[in-house]
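Trainee: One structure, pasted below without further comment.
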Amino acid sequence: MKKLILILIHLTIAYLLKAQPPQQPIVLGRVDTIYSNILKEKRPLWVYTPGYDTNYFSKPEFPVLYVLDADDHFMSLVTMIKELSATAGNTVLPQMIIVGILNTPGHRTRDLTPTSSTMDESSGGGENFAAFMEKELILYIDKTYPTAPYRTMIGHSLGGLTVINLLLKHTQVFNAYVAIDPSMFYDNDNLLKQVTVILKQKNFGGKKLFLGFANTMNAGMDTVQVKKDTAEISHHIRSIMKLADDLSINKANNLQWAKKYYPDDDHNSVSFNAGYDALRFIFKNNRFPRNQPYNQYFDKQYNAVQLRQMIDTHYKMMSAEMGYTVRPPEPEMNGIGYAFLQQKNYEKAAMFFQVNIDNYPKNFNVYDSMGDCFLARGDKANAEKYFKKALSIKYTKEIMDKLDKVQAEQ
């Protein structure tokens with residue numbers, strides 16, 4: 001009997017295993033590579049792009065976040081940005097492309113140090129790495145993915161040192177810079193010693209910097225005491241605080257910057273919280289519309305004219321801040337338009353469809369949507385006009401069928 005029970009158990013397990021559908025992986029991005037003629041090697045990349053239905057909507061443009069040490073930070077940033085830019089209608093952050101730059105074996109110190117140190121013979125390749133990013137990587141990403149001309153660089157530790165080097169010496173490459181617990185002490189404070197002069201000489205207009213640093217002091221020491229300390233153990237945090245002081249003194253260079261100290265985090269744990277705060281700082285004006293106590297678009301105190309003014313004002317402001325034309329998201333405007341159409345609020349539905357016509361005039365779907373709006377209102381003449389306009393851009397059987405029916409009923 002015992003043997004029979006064991007056989008039955010094995011048969012049951014085998015059946016269940018066979019019956020289970022094949023497991024599907026959770027995909028956070030794609031693996032890509034680029035060969036660098038500057039570095040003389042193939043560079044591995046991890047790339048996340050927001051989902052977008054280009055069958056109906058125009059090709060999008062997304063800001064790009066470049067991430068150093070991608071194997072440590074890529075996945076958390078993807079999750080964070082998806083949550084705050086798309087989930088449940090969140091617009092705290094813009095949807096964006098994330099490019100994770102992985103290190104090649106044995107070359108992290110080479111790439112992430114701007115000067116050579118006697119402590120490491122392989123160090124000092126930071127300028128070559130900067131050239132790789134500016135002249136090869138960014139060009140490849142812009143050619144391959146639907147990018148907007150707004151770029152952010154984020155790095156931790158030696159990656160943070162690289163970020164500060166890029167800000168100071170390659171200011172034009174990125175729009176925003178995030179340095180998390182940067183190793184400013186590297187090579188006897190070599191880069192740190194150059195900070196004051198460069199901050200005085202350059203104009204950083206339109207650039208943003210977030211500086212986050214962790215508690216790497218001895219127990220019982222605070223940020224006031226540590227400045228007077230001379231122990232090697234506190235050299236790391238003292239060098240970062242010196243950088244912050246230099247940034248504070250030089251107020252005339254137009255750099256928009258913020259700093260935050262994380263007393264409850266150490267060097268290894270600070271990246272997540274600092275990355276979150278950095279993105280909130282850089283894109284602090286992105287959130288629109290207000291979602292409390294409910295979505296502002298559906299607040300009955302606003303009429304269609306007022307809503308259109310709010311939309312135009314916000315995106316004009318964002319365009320000025322980002323340095324390129326930021327348009328209302330086409331799928332969002334389309335979806336809200338149809339929501340009002342279902343409510344038979346034709347004025348507001350038409351306003352949202354018109355927003356898309358004004359911002360995406362080369363796309364067929366914007367005219368099809370307005371045609372549906374006129375059709376729902378019983379205005380078959382205008383519905384016919386918009387369906388014809390849609391078909392003149394792209395033929396679809398669905399729109400053709402609607403046009404045939406409208407023409408037959410007139």
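Following the order of the structure tokens, first chain is A, next is B, and so on, with residues numbered from 1 inside each chain and ligands from 1 in the order they appear.
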List the spatial neighbours of Asn90 of chain A as a PyMOL selection string - criterion: any atom at most 10 Å away, only C-alpha atoms, same-chain residues fewer than 2 positions off excluded.
Mentor: chain A and resi 81-88+92-95+287-291
Trainee: Limited to N, CA, C and O atoms, could you put the picked residues into a file as an mmCIF file, in the first residue's frame?
Mentor:
data_model
loop_
_atom_site.group_PDB
_atom_site.id
_atom_site.type_symbol
_atom_site.label_atom_id
_atom_site.label_comp_id
_atom_site.auth_asym_id
_atom_site.auth_seq_id
_atom_site.Cartn_x
_atom_site.Cartn_y
_atom_site.Cartn_z
ATOM 1 N N ILE A 81 10.125 54.236 -11.795
ATOM 2 C CA ILE A 81 9.640 55.141 -12.829
ATOM 3 C C ILE A 81 8.321 54.648 -13.419
ATOM 4 O O ILE A 81 7.408 55.443 -13.685
ATOM 5 N N LYS A 82 8.182 53.343 -13.616
ATOM 6 C CA LYS A 82 6.903 52.800 -14.088
ATOM 7 C C LYS A 82 5.792 53.130 -13.098
ATOM 8 O O LYS A 82 4.679 53.514 -13.479
ATOM 9 N N GLU A 83 6.072 52.982 -11.817
ATOM 10 C CA GLU A 83 5.066 53.235 -10.781
ATOM 11 C C GLU A 83 4.628 54.690 -10.781
ATOM 12 O O GLU A 83 3.439 54.998 -10.646
ATOM 13 N N LEU A 84 5.575 55.606 -10.936
ATOM 14 C CA LEU A 84 5.278 57.034 -10.767
ATOM 15 C C LEU A 84 4.984 57.767 -12.072
ATOM 16 O O LEU A 84 4.678 58.959 -12.048
ATOM 17 N N SER A 85 5.043 57.055 -13.195
ATOM 18 C CA SER A 85 4.777 57.720 -14.469
ATOM 19 C C SER A 85 3.614 57.121 -15.240
ATOM 20 O O SER A 85 3.156 57.733 -16.212
ATOM 21 N N ALA A 86 3.140 55.965 -14.824
ATOM 22 C CA ALA A 86 2.100 55.302 -15.611
ATOM 23 C C ALA A 86 1.046 54.609 -14.758
ATOM 24 O O ALA A 86 -0.149 54.651 -15.077
ATOM 25 N N THR A 87 1.454 53.959 -13.674
ATOM 26 C CA THR A 87 0.524 53.176 -12.866
ATOM 27 C C THR A 87 -0.582 54.051 -12.293
ATOM 28 O O THR A 87 -0.317 55.097 -11.701
ATOM 29 N N ALA A 88 -1.825 53.635 -12.495
ATOM 30 C CA ALA A 88 -2.997 54.314 -11.923
ATOM 31 C C ALA A 88 -3.038 55.796 -12.303
ATOM 32 O O ALA A 88 -3.523 56.633 -11.537
ATOM 33 N N VAL A 92 3.675 61.813 -11.646
ATOM 34 C CA VAL A 92 4.714 62.413 -10.805
ATOM 35 C C VAL A 92 5.999 62.559 -11.609
ATOM 36 O O VAL A 92 6.692 63.580 -11.533
ATOM 37 N N LEU A 93 6.337 61.532 -12.376
ATOM 38 C CA LEU A 93 7.494 61.561 -13.262
ATOM 39 C C LEU A 93 7.023 61.375 -14.691
ATOM 40 O O LEU A 93 5.966 60.781 -14.933
ATOM 41 N N PRO A 94 7.770 61.858 -15.660
ATOM 42 C CA PRO A 94 7.428 61.545 -17.044
ATOM 43 C C PRO A 94 7.801 60.102 -17.357
ATOM 44 O O PRO A 94 8.714 59.539 -16.746
ATOM 45 N N GLN A 95 7.090 59.501 -18.284
ATOM 46 C CA GLN A 95 7.557 58.218 -18.786
ATOM 47 C C GLN A 95 8.888 58.465 -19.476
ATOM 48 O O GLN A 95 9.064 59.482 -20.163
ATOM 49 N N ARG A 287 4.001 66.709 -12.601
ATOM 50 C CA ARG A 287 2.683 66.161 -12.242
ATOM 51 C C ARG A 287 1.550 67.058 -12.748
ATOM 52 O O ARG A 287 1.478 68.236 -12.450
ATOM 53 N N PHE A 288 0.662 66.459 -13.520
ATOM 54 C CA PHE A 288 -0.509 67.141 -14.054
ATOM 55 C C PHE A 288 -1.390 66.090 -14.725
ATOM 56 O O PHE A 288 -0.877 65.223 -15.443
ATOM 57 N N PRO A 289 -2.703 66.098 -14.489
ATOM 58 C CA PRO A 289 -3.442 67.005 -13.618
ATOM 59 C C PRO A 289 -3.392 66.556 -12.160
ATOM 60 O O PRO A 289 -2.846 65.499 -11.855
ATOM 61 N N ARG A 290 -3.987 67.374 -11.300
ATOM 62 C CA ARG A 290 -4.095 66.989 -9.896
ATOM 63 C C ARG A 290 -5.032 65.785 -9.782
ATOM 64 O O ARG A 290 -6.044 65.705 -10.464
ATOM 65 N N ASN A 291 -4.690 64.846 -8.916
ATOM 66 C CA ASN A 291 -5.504 63.638 -8.765
ATOM 67 C C ASN A 291 -6.218 63.548 -7.422
ATOM 68 O O ASN A 291 -6.792 62.512 -7.101
#
Trainee: List every residue of segment 16-168 of chain A that DSSP, applied to the backbone of this structure, places in helix (DSSP H, G or I), and write the result as a PyMOL selection string.
Mentor: chain A and resi 16-19+70-85+87-89+108-111+126-144+158-168
Trainee: Extract, using only C-alpha atoms, all DNA, RNA and protein residues at most 12 Å from Asn345 of chain A, discarding same-chain residues fewer than 4 positions from it, and format them as a ChimeraX atom specification.
Mentor: /A:298,300,303-304,336-341,349-352,373-374,376-377
Trainee: Within 10 Å of Ile249 of chain A, counting only C-alpha atoms, which residues qualify if same-chain residues fewer than 2 places away don't, as a PDB file with C-alpha atoms, in the first residue's frame?
Mentor:
ATOM      1  CA  THR A 196      35.567  76.000  -7.075  1.00  0.00           C
ATOM      2  CA  LEU A 199      31.942  76.592 -10.752  1.00  0.00           C
ATOM      3  CA  LYS A 200      33.043  80.223 -10.943  1.00  0.00           C
ATOM      4  CA  ALA A 244      28.241  70.870  -1.199  1.00  0.00           C
ATOM      5  CA  ASP A 245      29.871  73.914   0.397  1.00  0.00           C
ATOM      6  CA  ASP A 246      31.488  74.882  -2.895  1.00  0.00           C
ATOM      7  CA  LEU A 247      28.154  74.546  -4.664  1.00  0.00           C
ATOM      8  CA  LYS A 251      25.350  81.054  -6.623  1.00  0.00           C
ATOM      9  CA  ALA A 252      25.876  83.108  -9.766  1.00  0.00           C
TER      10      ALA A 252
END
Trainee: What does the distance from atom CA of His235 of chain A to atom CA of Pro182 of chain A come to in Å, to one decimal?
Mentor: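 Atom CA of Pro182 of chain A lies 11.8 Å from atom CA of His235 of chain A.
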Trainee: Could you give me, as a list of chain:residue names, the residues within 6 Å of segment 136-148 of chain A, counting only C-alpha atoms and dropping anything in the same chain fewer than 2 positions from it?
Mentor: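 The contact residues come out as A:Glu61, A:Phe62, A:Pro63, A:Phe132, A:Met133, A:Glu134, A:Tyr150.
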Trainee: Taking into account only C-alpha atoms, which residue in the set A:Phe364, A:Thr91, A:Ser269, A:Ala408 is nearest to Lys388 of chain A?
Mentor: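 Selected residue with least distance to Lys388 of chain A: A:Phe364.
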Trainee: Could you list, as a ChimeraX atom specification, every residue within 10 Å of Val326 of chain A, counting only C-alpha atoms and ignoring same-chain residues fewer than 2 positions away?
Mentor: /A:61-62,148,314-324,328-329,359
Trainee: For segment 177-180 of chain A, please output as a list in words all residues within 8 Å (counting only C-alpha atoms; exclusion window: fewer than 3 positions along the same chain).
Mentor: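 Answer for this query is Thr152, Met153, Ile154, Gly155, His156, Ser157, Gly159, Gly160, Leu161, Val163, Ile164, Leu167, Phe174, Lys207, Lys208, Leu209, Phe210, Leu211, Gly212, Phe213, Val270, Ser271, Ala274, Gly275 and Ala278 of chain A.
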Trainee: DSSP on the backbone, strand (DSSP E or B) only: what residues of segment 152-370 of chain A does that give? Format it as a PyMOL selection string.
Mentor: chain A and resi 152-156+176-180+208-214+256-262
Trainee: Tell me, counting only C-alpha atoms, for each residue of segment 113-169 of chain A within 9 Å of segment 101-108 of chain A, which pair of atoms is nearest and how far apart they are in Å to one decimal, in rows ordered by chain and increasing number, as JSON lines.
Mentor:
{"residue": "A:Thr113", "atom": "CA", "partner": "A:Arg108", "partner_atom": "CA", "distance": 8.5}
{"residue": "A:Ser122", "atom": "CA", "partner": "A:His107", "partner_atom": "CA", "distance": 7.6}
{"residue": "A:Ser123", "atom": "CA", "partner": "A:His107", "partner_atom": "CA", "distance": 8.5}
{"residue": "A:Leu158", "atom": "CA", "partner": "A:Arg108", "partner_atom": "CA", "distance": 8.6}
Trainee: Could those selected residues go to a file with N, CA and C atoms, as a PDB file, in the first residue's frame?
Mentor:
ATOM      1  N   THR A 113      36.880  56.632 -13.237  1.00  0.00           N
ATOM      2  CA  THR A 113      37.832  57.516 -12.560  1.00  0.00           C
ATOM      3  C   THR A 113      38.422  58.487 -13.577  1.00  0.00           C
ATOM      4  N   SER A 122      45.022  50.564 -13.197  1.00  0.00           N
ATOM      5  CA  SER A 122      44.027  50.535 -14.267  1.00  0.00           C
ATOM      6  C   SER A 122      43.148  51.780 -14.290  1.00  0.00           C
ATOM      7  N   SER A 123      43.348  52.697 -13.376  1.00  0.00           N
ATOM      8  CA  SER A 123      42.462  53.855 -13.238  1.00  0.00           C
ATOM      9  C   SER A 123      42.787  54.940 -14.262  1.00  0.00           C
ATOM     10  N   LEU A 158      31.881  55.645  -7.233  1.00  0.00           N
ATOM     11  CA  LEU A 158      32.721  56.097  -8.343  1.00  0.00           C
ATOM     12  C   LEU A 158      31.865  56.583  -9.509  1.00  0.00           C
TER      13      LEU A 158
END
Trainee: Can you tell me how far atom CA of Pro263 of chain A sits from atom CA of Asp222 of chain A, in Å to one decimal?
Mentor: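 That distance, rounded to one decimal, is 9.1 Å.
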Trainee: What is the distance, in Å and to one decimal place, between atom CA of Lys402 of chain A and atom CA of Tyr52 of chain A?
Mentor: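 So the answer is 25.6 Å.
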Trainee: Using only C-alpha atoms, pick whichever of A:Met221, A:Ser183, A:Gly51, A:His170 has the shortest atom-to-atom distance to Lys202 of chain A.
Mentor: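 Nearest candidate to Lys202 of chain A out of A:Met221, A:Ser183, A:Gly51, A:His170: A:His170.
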Trainee: Find the residue from A:Asn190, A:Thr79, A:Gln407, A:Asn295 that sits nearest to Pro50 of chain A; use only C-alpha atoms when measuring.
Mentor: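 So, comparing all the options, the nearest one is A:Thr79.
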Trainee: Measuring atom to atom with only C-alpha atoms, identify which of A:Lys385, A:Gln342, A:Tyr294, A:Lys380 is nearest to Gly89 of chain A.
Mentor: A:Tyr294
